[in-house]
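J.: After the structure tokens below, expect a handful of questions from me.
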Amino acid sequence: MKLEKTTKVGRAEAKRGYEDACGLAHALELIGERWAPLVLRELWLGPRRFSGLRASLPGISANVLTQRLTGLEERGLVRRKQLPPPSSVPVYQATEWAMEAATTLCQLGRWASRAPGHDPSHPVSPVAIMMSMKVNFDPSLAGDFKGIVAFHFGEARYFAEIRDAQIRVERGDPTSADVTISCDPNALKPVLYGGAPVESLRPEGNIEIARRFMTLFSLPPKL
């Protein structure tokens with residue numbers, strides 16, 4: 001029985017390998033570089049252009065972003081494709097295999113948010129705030145609530161649908177929305193997690209659904 005499988009890895013991976021058969025060790029070899037998990041996070045809700053990734057990760061340089069995308073592509077986690085006309089621009093998207101890690105990494109983020117040193121005042125990207133809704137949604141609070149809330153973050157469009165005590169988060173515009181909120185993603189944090197009034201976001205549509213929606217998320221307790 002063959003126990004080893006040779007995979008295509010970049011030179012950097014070969015240099016920093018742990019030489020440990022544990023799957024966790026190899027996971028860190030795959031996505032353990034600085035910025036790599038956040039690049040993947042930004043691709044979880046759909047393909048992105050290089051410029052969009054840069055804008056969502058303001059601390060990363062163009063050179064480092066290029067290196068991370070190249071490395072992730074070599075490891076089978078990201079693929080590059082060309083959008084059809086009239087756009088005809090290259091975009092990056094997470095592979096199906098990479099998407100399998102989304103839930104695990106989101107839960108890792110929820111775990112880490114319990115640390116005393118976690119600073120929630122730092123900025124978040126549109127994808128980050130939407131994924132935080134997915135991981136911090138508390139189904140025990142939902143009851144029979146159902147509703148669709150659209151979020152407009154500048155040109156970026158997302159929506160969250162809650163039905164049957166489950167949440168679905170998608171990129172794009174929904175077929176119909178009960179309420180639409182246009183704001184900076186950072187303005188959502190005090191409403192979702194701090195009890196600030198949803199009226200501060202000037203929602204358009206069913207205000208009662210907006211109010212109820214914002215009560216269905218809870219952060220884990222600090223240590």
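So you can find residues: chains in the structure tokens are A, B, ... in the order shown, residues in each start at 1, and ligands are numbered from 1 in order.
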Skip Leu223 of chain A itself and residues of its chain fewer than 3 positions away, then list as a PyMOL selection string all residues within 12 Å of it, counting only C-alpha atoms.

T.: chain A and resi 111-118+220

J.: Quick one: residues within 9 Å of Glu170 of chain A, only C-alpha atoms, excluding same-chain residues fewer than 5 positions away - as a list in words?

T.: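 These residues fall inside the cut-off: Leu45, Gly46, Met130, Arg157, Tyr158, Phe159, Ala160 and Glu161 of chain A.
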
J.: Could those residues be written to a file, using C-alpha atoms, as a CSV table (one decimal), in the first residue's frame?

T.:
chain,number,residue,atom,x,y,z
A,45,LEU,CA,-18.3,34.3,-1.0
A,46,GLY,CA,-17.3,34.3,-4.6
A,130,MET,CA,-20.9,38.6,6.5
A,157,ARG,CA,-23.6,43.5,-2.5
A,158,TYR,CA,-24.5,40.7,0.0
A,159,PHE,CA,-27.5,39.3,1.7
A,160,ALA,CA,-28.4,37.1,4.6
A,161,GLU,CA,-31.5,34.9,4.8

J.: Taking only segment 79-147 of chain A into account, list the residues labelled helix (DSSP H, G or I) by DSSP (computed from the backbone), as a list in words.

T.: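 Selecting the helix (DSSP H, G or I) positions of segment 79-147 of chain A gives Glu96, Trp97, Ala98, Met99, Ala102, Thr103, Thr104, Leu105, Cys106, Gln107, Leu108, Gly109, Arg110, Trp111, Ala112, Pro126, Val127, Ala128, Ile129, Met130, Met131, Ser132, Met133, Lys134, Val135, Asn136, Pro139, Ser140 and Leu141 of chain A.
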
J.: Residues near Leu77 of chain A, anyone? I mean within 7 Å using only C-alpha atoms, not counting same-chain ones fewer than 4 positions away, as a PyMOL selection string.

T.: chain A and resi 72-73+94-95+97-98

J.: Using only C-alpha atoms, which residue out of A:Cys22, A:Leu65, A:Leu216, A:Val91 lies closest to Gly143 of chain A?

T.: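 Smallest separation from Gly143 of chain A among the options: A:Leu216.
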
J.: Can you pull out the residues contacting Leu105 of chain A? Cut-off 12 Å, using only C-alpha atoms, and skip same-chain residues under 6 positions away; I want them as a ChimeraX atom specification.

T.: /A:27-28,31-32,36-38,40-41,44,98-99,111-112,128,131-132,135

J.: Which residues are close to segment 56-62 of chain A, i.e. within 12 Å by only C-alpha atoms, leaving aside same-chain residues fewer than 3 positions away? Reply as an MDAnalysis selection string.

T.: chainID A and resid 34:43 48:53 65:69 122:129 153 156 185

J.: Contacts of Tyr193 of chain A at 8 Å or less, counting only C-alpha atoms, minus same-chain residues fewer than 2 places along, as JSON, numbers by chain?

T.: {"A": [189, 190, 191, 195, 217, 218, 219]}
